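Source file: target.pdb (PDB, C-alpha atoms)
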```
ATOM      1  CA  MET A1243     -38.734   4.724 -19.961
ATOM      2  CA  LYS A1244     -37.677   1.303 -18.780
ATOM      3  CA  VAL A1245     -34.883   0.701 -16.338
ATOM      4  CA  ARG A1246     -33.056  -2.587 -16.167
ATOM      5  CA  THR A1247     -30.821  -3.731 -13.378
ATOM      6  CA  ILE A1248     -27.351  -5.092 -14.082
ATOM      7  CA  GLU A1249     -25.958  -7.166 -11.257
ATOM      8  CA  VAL A1250     -22.278  -6.396 -10.672
ATOM      9  CA  ARG A1251     -21.240  -7.544  -7.189
ATOM     10  CA  GLU A1252     -17.609  -6.679  -7.840
ATOM     11  CA  ARG A1253     -15.152  -5.536  -5.176
ATOM     12  CA  VAL A1254     -13.800  -2.080  -5.941
ATOM     13  CA  MET A1255     -10.294  -3.210  -4.976
ATOM     14  CA  ALA A1256     -10.470  -6.413  -7.039
ATOM     15  CA  ARG A1257      -8.341  -5.142  -9.922
ATOM     16  CA  ASN A1258      -5.686  -3.668  -7.632
ATOM     17  CA  ASP A1259      -5.573  -6.912  -5.666
ATOM     18  CA  GLU A1260      -5.140  -8.967  -8.851
ATOM     19  CA  LEU A1261      -2.199  -6.775  -9.860
ATOM     20  CA  ALA A1262      -0.771  -7.009  -6.330
ATOM     21  CA  ALA A1263      -1.028 -10.791  -6.484
ATOM     22  CA  ALA A1264       0.905 -10.737  -9.763
ATOM     23  CA  VAL A1265       3.597  -8.511  -8.193
ATOM     24  CA  ARG A1266       3.812 -10.874  -5.212
ATOM     25  CA  SER A1267       4.167 -13.784  -7.582
ATOM     26  CA  ARG A1268       7.004 -12.072  -9.522
ATOM     27  CA  LEU A1269       8.817 -11.220  -6.296
ATOM     28  CA  GLY A1270       8.265 -14.730  -4.976
ATOM     29  CA  ALA A1271       9.632 -16.333  -8.126
ATOM     30  CA  ALA A1272      12.743 -14.145  -7.863
ATOM     31  CA  ARG A1273      12.889 -14.688  -4.070
ATOM     32  CA  VAL A1274      13.057 -10.968  -3.404
ATOM     33  CA  PRO A1275      11.525  -9.812  -0.120
ATOM     34  CA  ALA A1276       9.786  -6.458  -0.519
ATOM     35  CA  PHE A1277       8.983  -4.023   2.260
ATOM     36  CA  ASN A1278       6.347  -1.340   1.847
ATOM     37  CA  LEU A1279       7.353   1.570   4.103
ATOM     38  CA  VAL A1280       4.355   3.592   5.229
ATOM     39  CA  SER A1281       4.181   6.541   7.602
ATOM     40  CA  SER A1282       2.959  10.055   8.041
ATOM     41  CA  PRO A1283       5.052  12.742   6.296
ATOM     42  CA  GLY A1284       8.283  13.578   8.109
ATOM     43  CA  SER A1285       8.751  10.343  10.058
ATOM     44  CA  GLY A1286      12.186   9.816   8.526
ATOM     45  CA  LYS A1287      11.472   7.093   5.947
ATOM     46  CA  THR A1288      13.870   8.503   3.402
ATOM     47  CA  LEU A1289      16.759   8.994   5.847
ATOM     48  CA  LEU A1290      16.163   5.485   7.216
ATOM     49  CA  LEU A1291      16.469   4.153   3.664
ATOM     50  CA  GLU A1292      19.525   6.295   2.885
ATOM     51  CA  ARG A1293      21.343   4.900   5.922
ATOM     52  CA  THR A1294      20.161   1.381   5.104
ATOM     53  CA  LEU A1295      21.491   1.637   1.542
ATOM     54  CA  GLU A1296      24.821   2.911   2.866
ATOM     55  CA  ARG A1297      25.150   0.179   5.484
ATOM     56  CA  LEU A1298      24.053  -2.783   3.384
ATOM     57  CA  GLY A1299      25.089  -1.608  -0.072
ATOM     58  CA  ASP A1300      28.235  -3.745  -0.203
ATOM     59  CA  ARG A1301      26.389  -6.889   0.916
ATOM     60  CA  LEU A1302      22.927  -6.723  -0.654
ATOM     61  CA  ARG A1303      21.667  -5.743  -4.077
ATOM     62  CA  MET A1304      18.806  -3.390  -3.185
ATOM     63  CA  ALA A1305      16.259  -1.669  -5.387
ATOM     64  CA  VAL A1306      13.932   1.113  -4.300
ATOM     65  CA  VAL A1307      10.619   2.379  -5.614
ATOM     66  CA  THR A1308       9.678   5.734  -4.122
ATOM     67  CA  GLY A1309       6.288   7.378  -4.282
ATOM     68  CA  ASP A1310       5.819  11.095  -3.914
ATOM     69  CA  VAL A1311       2.893  13.365  -4.666
ATOM     70  CA  GLN A1312       5.214  15.819  -6.399
ATOM     71  CA  THR A1313       8.963  15.990  -7.077
ATOM     72  CA  GLN A1314      11.572  13.258  -7.301
ATOM     73  CA  ASN A1315      13.442  14.625  -4.288
ATOM     74  CA  ASP A1316      13.330  11.400  -2.281
ATOM     75  CA  ALA A1317      14.440   9.328  -5.258
ATOM     76  CA  ASP A1318      17.312  11.766  -5.890
ATOM     77  CA  ARG A1319      18.409  11.558  -2.241
ATOM     78  CA  LEU A1320      18.377   7.759  -2.354
ATOM     79  CA  ALA A1321      20.080   7.554  -5.748
ATOM     80  CA  ALA A1322      22.997   9.493  -4.248
ATOM     81  CA  ARG A1323      23.490   6.631  -1.733
ATOM     82  CA  THR A1324      23.505   3.735  -4.160
ATOM     83  CA  ASP A1325      24.542   2.870  -7.673
ATOM     84  CA  ARG A1326      21.531   0.559  -7.831
ATOM     85  CA  LEU A1327      18.230   1.481  -9.417
ATOM     86  CA  VAL A1328      15.915   3.926  -7.659
ATOM     87  CA  GLN A1329      12.574   4.189  -9.410
ATOM     88  CA  ALA A1330      10.576   7.369  -8.754
ATOM     89  CA  VAL A1331       6.799   7.313  -9.015
ATOM     90  CA  VAL A1332       5.256  10.784  -8.978
ATOM     91  CA  THR A1333       1.584  10.312  -8.189
ATOM     92  CA  ASN A1334       0.544  13.816  -9.300
ATOM     93  CA  GLY A1335      -1.799  14.425  -6.420
ATOM     94  CA  ALA A1336      -2.787  10.882  -5.514
ATOM     95  CA  CYS A1337      -2.238  10.132  -1.846
ATOM     96  CA  HIS A1338      -0.957   6.560  -2.139
ATOM     97  CA  LEU A1339       0.823   4.126  -4.431
ATOM     98  CA  ASP A1340      -1.239   1.426  -6.107
ATOM     99  CA  ALA A1341      -0.323  -1.971  -7.492
ATOM    100  CA  SER A1342      -0.439  -0.798 -11.088
ATOM    101  CA  GLN A1343       2.257   1.839 -10.396
ATOM    102  CA  VAL A1344       4.429  -0.754  -8.673
ATOM    103  CA  THR A1345       3.904  -3.155 -11.587
ATOM    104  CA  SER A1346       5.172  -0.515 -14.026
ATOM    105  CA  ALA A1347       8.073   0.464 -11.763
ATOM    106  CA  LEU A1348       9.170  -3.161 -11.447
ATOM    107  CA  ASP A1349       9.354  -3.517 -15.223
ATOM    108  CA  ALA A1350      12.578  -1.513 -15.003
ATOM    109  CA  VAL A1351      14.017  -3.603 -12.146
ATOM    110  CA  ASP A1352      16.017  -6.752 -12.902
ATOM    111  CA  LEU A1353      14.635  -8.890 -10.078
ATOM    112  CA  GLU A1354      17.086 -11.691 -10.829
ATOM    113  CA  ASP A1355      19.826  -9.203  -9.950
ATOM    114  CA  THR A1356      18.076  -7.944  -6.807
ATOM    115  CA  ASP A1357      18.142  -9.238  -3.221
ATOM    116  CA  LEU A1358      15.788  -6.811  -1.546
ATOM    117  CA  LEU A1359      13.160  -4.295  -2.620
ATOM    118  CA  PHE A1360      11.944  -1.272  -0.696
ATOM    119  CA  ILE A1361       8.785   0.563  -1.645
ATOM    120  CA  GLU A1362       8.689   3.978  -0.014
ATOM    121  CA  ASN A1363       5.014   4.852  -0.053
ATOM    122  CA  VAL A1364       3.555   8.362  -0.081
ATOM    123  CA  GLY A1365       3.676   9.901   3.407
ATOM    124  CA  ASN A1366       0.129   9.370   4.634
ATOM    125  CA  LEU A1367      -1.195   7.151   7.427
ATOM    126  CA  VAL A1368      -4.667   6.752   5.941
ATOM    127  CA  CYS A1369      -4.917   6.046   2.234
ATOM    128  CA  PRO A1370      -1.931   3.707   1.592
ATOM    129  CA  ALA A1371      -3.466   1.246   4.084
ATOM    130  CA  SER A1372      -6.133   0.260   1.568
ATOM    131  CA  TRP A1373      -3.805  -0.571  -1.325
ATOM    132  CA  ASP A1374      -2.018  -3.901  -1.371
ATOM    133  CA  LEU A1375       1.129  -3.446  -3.463
ATOM    134  CA  GLY A1376       2.231  -7.085  -3.524
ATOM    135  CA  GLU A1377       4.788  -6.509  -0.778
ATOM    136  CA  THR A1378       6.106  -9.202   1.560
ATOM    137  CA  ALA A1379       5.260  -7.044   4.563
ATOM    138  CA  ARG A1380       4.438  -3.510   5.541
ATOM    139  CA  VAL A1381       6.692  -1.527   7.799
ATOM    140  CA  VAL A1382       5.090   1.408   9.546
ATOM    141  CA  VAL A1383       7.600   4.112  10.449
ATOM    142  CA  PHE A1384       6.507   6.143  13.427
ATOM    143  CA  SER A1385       8.710   8.878  14.849
ATOM    144  CA  VAL A1386       8.876   9.964  18.459
ATOM    145  CA  THR A1387       8.042  13.548  17.495
ATOM    146  CA  GLU A1388       4.504  12.345  16.733
ATOM    147  CA  GLY A1389       1.771  11.655  19.277
ATOM    148  CA  GLU A1390       1.947   8.379  21.226
ATOM    149  CA  ASP A1391      -1.645   7.631  20.258
ATOM    150  CA  LYS A1392      -1.042   7.565  16.474
ATOM    151  CA  PRO A1393      -1.587   3.762  16.407
ATOM    152  CA  VAL A1394      -5.099   4.053  17.826
ATOM    153  CA  LYS A1395      -5.894   7.088  15.688
ATOM    154  CA  TYR A1396      -4.836   5.243  12.513
ATOM    155  CA  PRO A1397      -5.540   1.625  13.492
ATOM    156  CA  LYS A1398      -5.844   0.187   9.989
ATOM    157  CA  MET A1399      -2.300   1.180   9.101
ATOM    158  CA  PHE A1400      -0.860  -0.353  12.265
ATOM    159  CA  ARG A1401      -3.088  -3.430  12.074
ATOM    160  CA  LEU A1402      -1.906  -4.290   8.557
ATOM    161  CA  ALA A1403       1.791  -3.714   9.300
ATOM    162  CA  ARG A1404       4.026  -6.530  10.464
ATOM    163  CA  TYR A1405       6.855  -4.285  11.664
ATOM    164  CA  ALA A1406       7.031  -0.864  13.296
ATOM    165  CA  VAL A1407      10.123   1.319  13.223
ATOM    166  CA  LEU A1408      10.049   3.870  16.027
ATOM    167  CA  ASN A1409      12.415   6.428  14.591
ATOM    168  CA  LYS A1410      14.238   9.546  15.869
ATOM    169  CA  VAL A1411      14.833   7.965  19.304
ATOM    170  CA  ASP A1412      17.876  10.255  19.716
ATOM    171  CA  LEU A1413      15.339  13.019  20.405
ATOM    172  CA  LEU A1414      13.661  11.202  23.321
ATOM    173  CA  PRO A1415      15.595  13.097  26.044
ATOM    174  CA  HIS A1416      14.217  16.360  24.676
ATOM    175  CA  LEU A1417      10.590  15.272  24.361
ATOM    176  CA  ASP A1418       7.700  14.233  26.584
ATOM    177  CA  PHE A1419       7.064  11.239  24.305
ATOM    178  CA  ASP A1420       6.287   8.126  26.376
ATOM    179  CA  LEU A1421       7.827   5.238  24.421
ATOM    180  CA  GLU A1422       6.154   2.484  26.479
ATOM    181  CA  ARG A1423       2.769   4.117  26.087
ATOM    182  CA  ALA A1424       3.219   4.424  22.317
ATOM    183  CA  MET A1425       4.217   0.766  22.035
ATOM    184  CA  ALA A1426       1.241  -0.237  24.196
ATOM    185  CA  PHE A1427      -1.101   1.663  21.854
ATOM    186  CA  ALA A1428       0.470  -0.088  18.874
ATOM    187  CA  ARG A1429       0.133  -3.516  20.516
ATOM    188  CA  GLN A1430      -3.484  -2.684  21.320
ATOM    189  CA  VAL A1431      -4.310  -2.643  17.598
ATOM    190  CA  ASN A1432      -1.723  -5.247  16.549
ATOM    191  CA  PRO A1433      -0.344  -7.532  19.268
ATOM    192  CA  ASP A1434       2.033  -9.235  16.790
ATOM    193  CA  LEU A1435       3.835  -6.056  15.719
ATOM    194  CA  ARG A1436       7.641  -6.317  15.949
ATOM    195  CA  PHE A1437       9.360  -3.073  16.918
ATOM    196  CA  PHE A1438      12.668  -1.553  15.912
ATOM    197  CA  LEU A1439      13.839   1.498  17.842
ATOM    198  CA  THR A1440      16.059   3.558  15.589
ATOM    199  CA  SER A1441      17.667   6.865  14.999
ATOM    200  CA  ALA A1442      18.585   7.005  11.341
ATOM    201  CA  ARG A1443      20.481  10.221  12.155
ATOM    202  CA  THR A1444      22.785   8.852  14.889
ATOM    203  CA  GLY A1445      22.735   5.208  13.795
ATOM    204  CA  GLU A1446      21.179   3.955  17.027
ATOM    205  CA  GLY A1447      19.266   0.737  16.418
ATOM    206  CA  MET A1448      20.374   0.534  12.790
ATOM    207  CA  ASP A1449      22.458  -2.610  13.404
ATOM    208  CA  GLU A1450      19.377  -4.516  14.524
ATOM    209  CA  TRP A1451      17.292  -3.169  11.627
ATOM    210  CA  CYS A1452      19.926  -4.093   9.057
ATOM    211  CA  ALA A1453      20.502  -7.525  10.611
ATOM    212  CA  PHE A1454      16.770  -8.144  10.351
ATOM    213  CA  LEU A1455      16.822  -7.219   6.645
ATOM    214  CA  GLU A1456      19.766  -9.539   5.979
ATOM    215  CA  ASP A1457      17.924 -12.337   7.790
ATOM    216  CA  GLU A1458      14.857 -11.709   5.646
ATOM    217  CA  VAL A1459      16.925 -11.953   2.465
ATOM    218  CA  ALA A1460      18.556 -15.180   3.670
ATOM    219  CA  ALA A1461      15.154 -16.613   4.601
ATOM    220  CA  ALA A1462      13.681 -15.675   1.213
ATOM    221  CA  ARG A1463      16.547 -17.393  -0.584
ATOM    222  CA  ALA A1464      16.033 -20.522   1.496
ATOM    223  CA  LYS A1465      12.281 -20.503   1.339
ATOM    224  CA  VAL A1466      10.221 -22.936  -0.670
ATOM    225  CA  TRP A1467       7.457 -20.554  -1.635
ATOM    226  CA  ALA A1468       4.162 -21.788  -0.375
ATOM    227  CA  ALA A1469       0.994 -20.310   1.071
ATOM    228  CA  GLY A1470       1.122 -17.803   3.890
ATOM    229  CA  GLY A1471       2.292 -14.315   4.855
ATOM    230  CA  GLY A1472       1.825 -10.901   3.277
ATOM    231  CA  PRO A1473      -1.020  -8.440   3.740
ATOM    232  CA  GLY A1474      -2.911  -9.859   0.752
ATOM    233  CA  ALA A1475      -1.992 -13.428   1.550
ATOM    234  CA  ALA A1476      -5.225 -15.110   0.567
ATOM    235  CA  ALA A1477      -5.093 -13.849  -3.001
ATOM    236  CA  GLY A1478      -1.401 -13.214  -3.143
ATOM    237  CA  HIS A1479       0.486 -16.455  -3.045
ATOM    238  CA  GLY A1480      -0.963 -18.445  -5.884
ATOM    239  CA  GLY A1481       2.076 -17.730  -8.012
ATOM    240  CA  GLY A1482       4.347 -18.601  -5.117
ATOM    241  CA  ALA A1483       2.768 -22.008  -4.825
ATOM    242  CA  ALA A1484       3.318 -22.499  -8.541
ATOM    243  CA  VAL A1485       7.028 -21.800  -8.091
ATOM    244  CA  ALA A1486       7.207 -24.366  -5.311
ATOM    245  CA  ALA A1487       5.546 -26.881  -7.583
ATOM    246  CA  GLY A1488       8.063 -26.102 -10.297
ATOM    247  CA  GLU A1489      10.937 -26.831  -7.975
ATOM    248  CA  ALA A1490       9.522 -30.078  -6.673
TER     249      ALA A1490
ATOM    250  CA  MET B 305      -7.856  11.812  -0.917
ATOM    251  CA  HIS B 306      -8.126   8.206  -2.009
ATOM    252  CA  GLU B 307     -11.882   8.417  -2.495
ATOM    253  CA  MET B 308     -11.255   9.901  -5.965
ATOM    254  CA  SER B 309      -9.160   6.841  -6.882
ATOM    255  CA  LEU B 310     -11.983   4.620  -5.654
ATOM    256  CA  ALA B 311     -14.558   6.652  -7.583
ATOM    257  CA  LEU B 312     -12.539   6.333 -10.790
ATOM    258  CA  GLU B 313     -12.284   2.582 -10.287
ATOM    259  CA  ILE B 314     -16.057   2.392  -9.682
ATOM    260  CA  CYS B 315     -16.607   4.212 -12.997
ATOM    261  CA  ARG B 316     -14.235   1.758 -14.719
ATOM    262  CA  ILE B 317     -16.210  -1.190 -13.298
ATOM    263  CA  ALA B 318     -19.471   0.388 -14.551
ATOM    264  CA  GLU B 319     -17.937   0.842 -18.000
ATOM    265  CA  GLU B 320     -16.780  -2.770 -18.012
ATOM    266  CA  HIS B 321     -20.345  -3.929 -17.379
ATOM    267  CA  VAL B 322     -22.365  -1.701 -19.711
ATOM    268  CA  GLY B 323     -19.832  -0.700 -22.380
ATOM    269  CA  THR B 324     -18.572   2.803 -23.120
ATOM    270  CA  ALA B 325     -21.423   3.677 -25.483
ATOM    271  CA  ALA B 326     -24.105   2.984 -22.867
ATOM    272  CA  LEU B 327     -22.553   4.963 -20.004
ATOM    273  CA  GLY B 328     -24.906   7.868 -20.740
ATOM    274  CA  ASP B 329     -27.847   5.554 -19.985
ATOM    275  CA  VAL B 330     -26.662   4.615 -16.495
ATOM    276  CA  ARG B 331     -29.020   6.099 -13.931
ATOM    277  CA  THR B 332     -27.873   4.600 -10.637
ATOM    278  CA  VAL B 333     -24.678   3.053  -9.341
ATOM    279  CA  VAL B 334     -25.416   1.155  -6.153
ATOM    280  CA  LEU B 335     -22.512   0.494  -3.796
ATOM    281  CA  GLU B 336     -22.015  -1.273  -0.512
ATOM    282  CA  VAL B 337     -19.533   0.472   1.786
ATOM    283  CA  GLY B 338     -18.521  -1.117   5.059
ATOM    284  CA  ASP B 339     -17.926   0.834   8.243
ATOM    285  CA  ASP B 340     -14.322  -0.453   8.286
ATOM    286  CA  ALA B 341     -13.622   0.050   4.573
ATOM    287  CA  GLY B 342     -11.426   3.088   5.178
ATOM    288  CA  VAL B 343     -13.796   5.260   3.169
ATOM    289  CA  GLU B 344     -15.163   8.676   4.018
ATOM    290  CA  VAL B 345     -18.642   8.184   2.597
ATOM    291  CA  SER B 346     -19.401  11.868   2.011
ATOM    292  CA  SER B 347     -16.102  12.278   0.098
ATOM    293  CA  LEU B 348     -16.816   9.228  -2.034
ATOM    294  CA  GLU B 349     -20.307  10.546  -2.756
ATOM    295  CA  PHE B 350     -18.898  13.942  -3.705
ATOM    296  CA  CYS B 351     -16.378  12.380  -6.120
ATOM    297  CA  LEU B 352     -18.949  10.042  -7.649
ATOM    298  CA  GLU B 353     -21.490  12.814  -8.124
ATOM    299  CA  ALA B 354     -18.863  14.802 -10.037
ATOM    300  CA  LEU B 355     -17.836  11.853 -12.226
ATOM    301  CA  LEU B 356     -21.262  10.299 -12.824
ATOM    302  CA  GLY B 357     -22.846  13.630 -13.660
ATOM    303  CA  SER B 358     -20.502  14.440 -16.534
ATOM    304  CA  PRO B 359     -19.503  12.753 -19.819
ATOM    305  CA  PRO B 360     -19.172   9.954 -20.730
ATOM    306  CA  PHE B 361     -21.841   9.460 -18.076
ATOM    307  CA  GLY B 362     -25.090  11.383 -18.448
ATOM    308  CA  ALA B 363     -27.032  11.876 -15.265
ATOM    309  CA  ALA B 364     -26.195   8.910 -13.096
ATOM    310  CA  ARG B 365     -26.177   9.154  -9.348
ATOM    311  CA  PRO B 366     -24.516   7.077  -6.652
ATOM    312  CA  VAL B 367     -26.472   5.222  -4.001
ATOM    313  CA  ILE B 368     -24.382   4.099  -1.058
ATOM    314  CA  GLU B 369     -25.726   1.331   1.140
ATOM    315  CA  PRO B 370     -23.989   1.064   4.506
ATOM    316  CA  ALA B 371     -22.582  -2.363   5.359
ATOM    317  CA  ALA B 372     -20.557  -3.979   8.108
ATOM    318  CA  GLY B 373     -16.840  -4.704   7.972
ATOM    319  CA  ASP B 374     -14.455  -3.748   5.177
ATOM    320  CA  VAL B 375     -16.753  -4.565   2.271
ATOM    321  CA  LEU B 376     -16.450  -2.124  -0.628
ATOM    322  CA  ARG B 377     -18.158  -3.223  -3.791
ATOM    323  CA  VAL B 378     -20.356  -2.210  -6.673
ATOM    324  CA  LYS B 379     -23.617  -4.064  -6.095
ATOM    325  CA  TYR B 380     -25.657  -3.261  -9.197
ATOM    326  CA  LEU B 381     -26.314  -0.656 -11.869
ATOM    327  CA  GLU B 382     -29.626   0.671 -13.077
ATOM    328  CA  VAL B 383     -29.587   1.474 -16.771
ATOM    329  CA  GLU B 384     -32.274   3.163 -18.851
ATOM    330  CA  THR B 385     -33.283   1.252 -21.945
TER     331      THR B 385
END
```

Would you give me this structure, written as structure tokens?
Amino acid sequence: MKVRTIEVRERVMARNDELAAAVRSRLGAARVPAFNLVSSPGSGKTLLLERTLERLGDRLRMAVVTGDVQTQNDADRLAARTDRLVQAVVTNGACHLDASQVTSALDAVDLEDTDLLFIENVGNLVCPASWDLGETARVVVFSVTEGEDKPVKYPKMFRLARYAVLNKVDLLPHLDFDLERAMAFARQVNPDLRFFLTSARTGEGMDEWCAFLEDEVAAARAKVWAAGGGPGAAAGHGGGAAVAAGEA
Amino acid sequence: MHEMSLALEICRIAEEHVGTAALGDVRTVVLEVGDDAGVEVSSLEFCLEALLGSPPFGAARPVIEPAAGDVLRVKYLEVET
């Protein structure tokens, strides 16, 4: 018996990252900012999105891709708040969304008729961190009913996020949660993290969150797409640069 | 458990390099897994042992070499000829 060696030297995530780069390129060409919302289960992602759709629905054309392990419950909840498209991805046991699922979901979205895209990832603070979806930025949603030390327990998720929504702040008077300590833990793993303190239930902090989203849409419209930004920036903006060249 | 997704992708990469018909001849799949790759090595091994030990593979086994950082790649395959 002879054994031969076949050199491979291929990154396991290479294919996902290629697809994510293509998604980023499509979104860049259409000038649609996309936010990948990640969190543990029960942080309030879906309610945050419901309230966002209600508040901004008359000003922005928003599309949503939701990922759930089973059921389309989140997509149904969101669809009730908007007449825009809500695409449900049922992962059938998988603990994260990947770029191929987002690619397929986007095939049904008219990006030329869209200002802003939300991707509601599967509730899980571990696995979704490893999958670039082609988003503009990740938003980690972290509720005050969780432990303050979540950011240091799940550092990869907080390190790769650009924004953190600290949700359910209406419950702070009833809890021992130390907000400053939680934010210090988050800054420990990611000093550049921008925070939003919200209660999707009472509306506290939602004005600032929604104003930020409107600013992002305005900036994307004004932007000449060039290198920079995004979790997969190095591989992800080739298409964006091509758009800039086309406009020159 | 994202290790199963990774294991399936590793099998796809192996298939891409040897062709579907030769998967039964693969004996070893050698991987480099970094300490910051977000991978539970024992889970990945468990998933790979299940996939590589059944058709279309024959009796391949995974070998995981520890590495630094977030590296996660298929290094080489050993194939019986």

>> Show me, as a list of chain:residue names, the residues that have an atom within 9 Å of region 342-354 of chain B when counting only C-alpha atoms, minus same-chain residues fewer than 5 positions from it.
In response: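 In the requested form, the answer reads A:Val1368, A:Cys1369, A:Ala1371, A:Ser1372, A:Lys1398, B:Met305, B:His306, B:Glu307, B:Met308, B:Leu310, B:Ala311, B:Leu312, B:Ile314, B:Cys315, B:Val337, B:Ala364, B:Arg365, B:Pro366, B:Val367, B:Ile368, B:Asp374, B:Leu376.
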
> Could you write out as a ChimeraX atom specification the residues that the ChimeraX specification (/A :<6) & /B matches in the shown file?
Replying inline: /B:305-306,376-385

> Skipping near chain neighbours, those fewer than 5 positions away, what residues fall within 8 Å of Leu327 (chain B) using only C-alpha atoms, listed as a VMD selection string?
Replying inline: chain B and resid 318 to 319 322 360 to 362

> Just how far from CA of Leu1289 (chain A) is CA of Ala1442 (chain A), in Å to one decimal?
Replying inline: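 CA of Leu1289 (chain A) lies at a distance of 6.1 Å from CA of Ala1442 (chain A).
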
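Each of A:Thr1333, A:Asn1409, A:Gln1430, A:Thr1356 was compared to Val1381 (chain A) using all atoms listed in the file, and A:Asn1409 turns out to be the nearest.
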
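Going from CA of Val1265 (chain A) to CA of Glu1354 (chain A) covers 14.1 Å.
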
Quick check on the file I pasted: which residues fall under the PyMOL selection byres ((chain B and resi 373) around 6)? Write them as an mmCIF file with C-alpha atoms, in the frame of the given file.
```
data_model
loop_
_atom_site.group_PDB
_atom_site.id
_atom_site.type_symbol
_atom_site.label_atom_id
_atom_site.label_comp_id
_atom_site.auth_asym_id
_atom_site.auth_seq_id
_atom_site.Cartn_x
_atom_site.Cartn_y
_atom_site.Cartn_z
ATOM 1 C CA GLY B 338 -18.521 -1.117 5.059
ATOM 2 C CA ASP B 339 -17.926 0.834 8.243
ATOM 3 C CA ASP B 340 -14.322 -0.453 8.286
ATOM 4 C CA ALA B 372 -20.557 -3.979 8.108
ATOM 5 C CA ASP B 374 -14.455 -3.748 5.177
ATOM 6 C CA VAL B 375 -16.753 -4.565 2.271
#
```

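For the atom pair formed by CA of Ala1305 (chain A) and CA of Val1331 (chain A), the distance is 13.5 Å, given to one decimal.
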
>> (8.7, 2.5, -9.6) in this file's frame - what residues fall within 6 Å of it? Use all atoms listed in the file and give the answer as an MDAnalysis selection string.
In response: chainID A and resid 1307 1329:1331 1344 1347:1348

Could you tell me, as a PDB file with C-alpha atoms, keeping the file's coordinate frame, exactly which residues end up selected when the PyMOL selection byres ((chain A and resi 1452) around 12) is applied to this structure?
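Written output follows (part14.pdb):
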```pdb
ATOM      1  CA  LEU A1290      16.163   5.485   7.216  1.00  0.00           C
ATOM      2  CA  LEU A1291      16.469   4.153   3.664  1.00  0.00           C
ATOM      3  CA  ARG A1293      21.343   4.900   5.922  1.00  0.00           C
ATOM      4  CA  THR A1294      20.161   1.381   5.104  1.00  0.00           C
ATOM      5  CA  LEU A1295      21.491   1.637   1.542  1.00  0.00           C
ATOM      6  CA  GLU A1296      24.821   2.911   2.866  1.00  0.00           C
ATOM      7  CA  ARG A1297      25.150   0.179   5.484  1.00  0.00           C
ATOM      8  CA  LEU A1298      24.053  -2.783   3.384  1.00  0.00           C
ATOM      9  CA  GLY A1299      25.089  -1.608  -0.072  1.00  0.00           C
ATOM     10  CA  ARG A1301      26.389  -6.889   0.916  1.00  0.00           C
ATOM     11  CA  LEU A1302      22.927  -6.723  -0.654  1.00  0.00           C
ATOM     12  CA  LEU A1358      15.788  -6.811  -1.546  1.00  0.00           C
ATOM     13  CA  VAL A1407      10.123   1.319  13.223  1.00  0.00           C
ATOM     14  CA  PHE A1438      12.668  -1.553  15.912  1.00  0.00           C
ATOM     15  CA  THR A1440      16.059   3.558  15.589  1.00  0.00           C
ATOM     16  CA  ALA A1442      18.585   7.005  11.341  1.00  0.00           C
ATOM     17  CA  GLY A1445      22.735   5.208  13.795  1.00  0.00           C
ATOM     18  CA  GLU A1446      21.179   3.955  17.027  1.00  0.00           C
ATOM     19  CA  GLY A1447      19.266   0.737  16.418  1.00  0.00           C
ATOM     20  CA  MET A1448      20.374   0.534  12.790  1.00  0.00           C
ATOM     21  CA  ASP A1449      22.458  -2.610  13.404  1.00  0.00           C
ATOM     22  CA  GLU A1450      19.377  -4.516  14.524  1.00  0.00           C
ATOM     23  CA  TRP A1451      17.292  -3.169  11.627  1.00  0.00           C
ATOM     24  CA  ALA A1453      20.502  -7.525  10.611  1.00  0.00           C
ATOM     25  CA  PHE A1454      16.770  -8.144  10.351  1.00  0.00           C
ATOM     26  CA  LEU A1455      16.822  -7.219   6.645  1.00  0.00           C
ATOM     27  CA  GLU A1456      19.766  -9.539   5.979  1.00  0.00           C
ATOM     28  CA  ASP A1457      17.924 -12.337   7.790  1.00  0.00           C
ATOM     29  CA  GLU A1458      14.857 -11.709   5.646  1.00  0.00           C
ATOM     30  CA  VAL A1459      16.925 -11.953   2.465  1.00  0.00           C
TER      31      VAL A1459
END
```

Please define a box with edges along x, y and z of the file around all atoms of region 1294-1301 of chain A given in the file, extend it by 5 Å on each side, and return its centre and edge lengths in Å to one decimal, as JSON.
```
{"center_x": 24.2, "center_y": -2.0, "center_z": 2.6, "size_x": 18.1, "size_y": 19.8, "size_z": 15.7}
```

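For the residues A:Leu1413, A:Ala1379, A:Ala1462, A:Leu1421, ranking by smallest atom-to-atom distance to Val1280 (chain A) using only C-alpha atoms places A:Ala1379 first.
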
> Around (19.1, 4.3, -3.7) in the file's frame, which residues reach within 9 Å when counting all atoms listed in the file? Return as a PyMOL selection string?
Replying inline: chain A and resi 1291-1292+1295-1296+1304-1307+1317-1329

Keeping C-alpha atoms for every residue in the selection just given, could you write it to a file as a short mmCIF file (atom, residue, chain, number, x, y, z; two decimals), in the coordinates of the input?
```
data_model
loop_
_atom_site.label_atom_id
_atom_site.label_comp_id
_atom_site.auth_asym_id
_atom_site.auth_seq_id
_atom_site.Cartn_x
_atom_site.Cartn_y
_atom_site.Cartn_z
CA LEU A 1291 16.47 4.15 3.66
CA GLU A 1292 19.52 6.30 2.88
CA LEU A 1295 21.49 1.64 1.54
CA GLU A 1296 24.82 2.91 2.87
CA MET A 1304 18.81 -3.39 -3.18
CA ALA A 1305 16.26 -1.67 -5.39
CA VAL A 1306 13.93 1.11 -4.30
CA VAL A 1307 10.62 2.38 -5.61
CA ALA A 1317 14.44 9.33 -5.26
CA ASP A 1318 17.31 11.77 -5.89
CA ARG A 1319 18.41 11.56 -2.24
CA LEU A 1320 18.38 7.76 -2.35
CA ALA A 1321 20.08 7.55 -5.75
CA ALA A 1322 23.00 9.49 -4.25
CA ARG A 1323 23.49 6.63 -1.73
CA THR A 1324 23.50 3.74 -4.16
CA ASP A 1325 24.54 2.87 -7.67
CA ARG A 1326 21.53 0.56 -7.83
CA LEU A 1327 18.23 1.48 -9.42
CA VAL A 1328 15.92 3.93 -7.66
CA GLN A 1329 12.57 4.19 -9.41
#
```
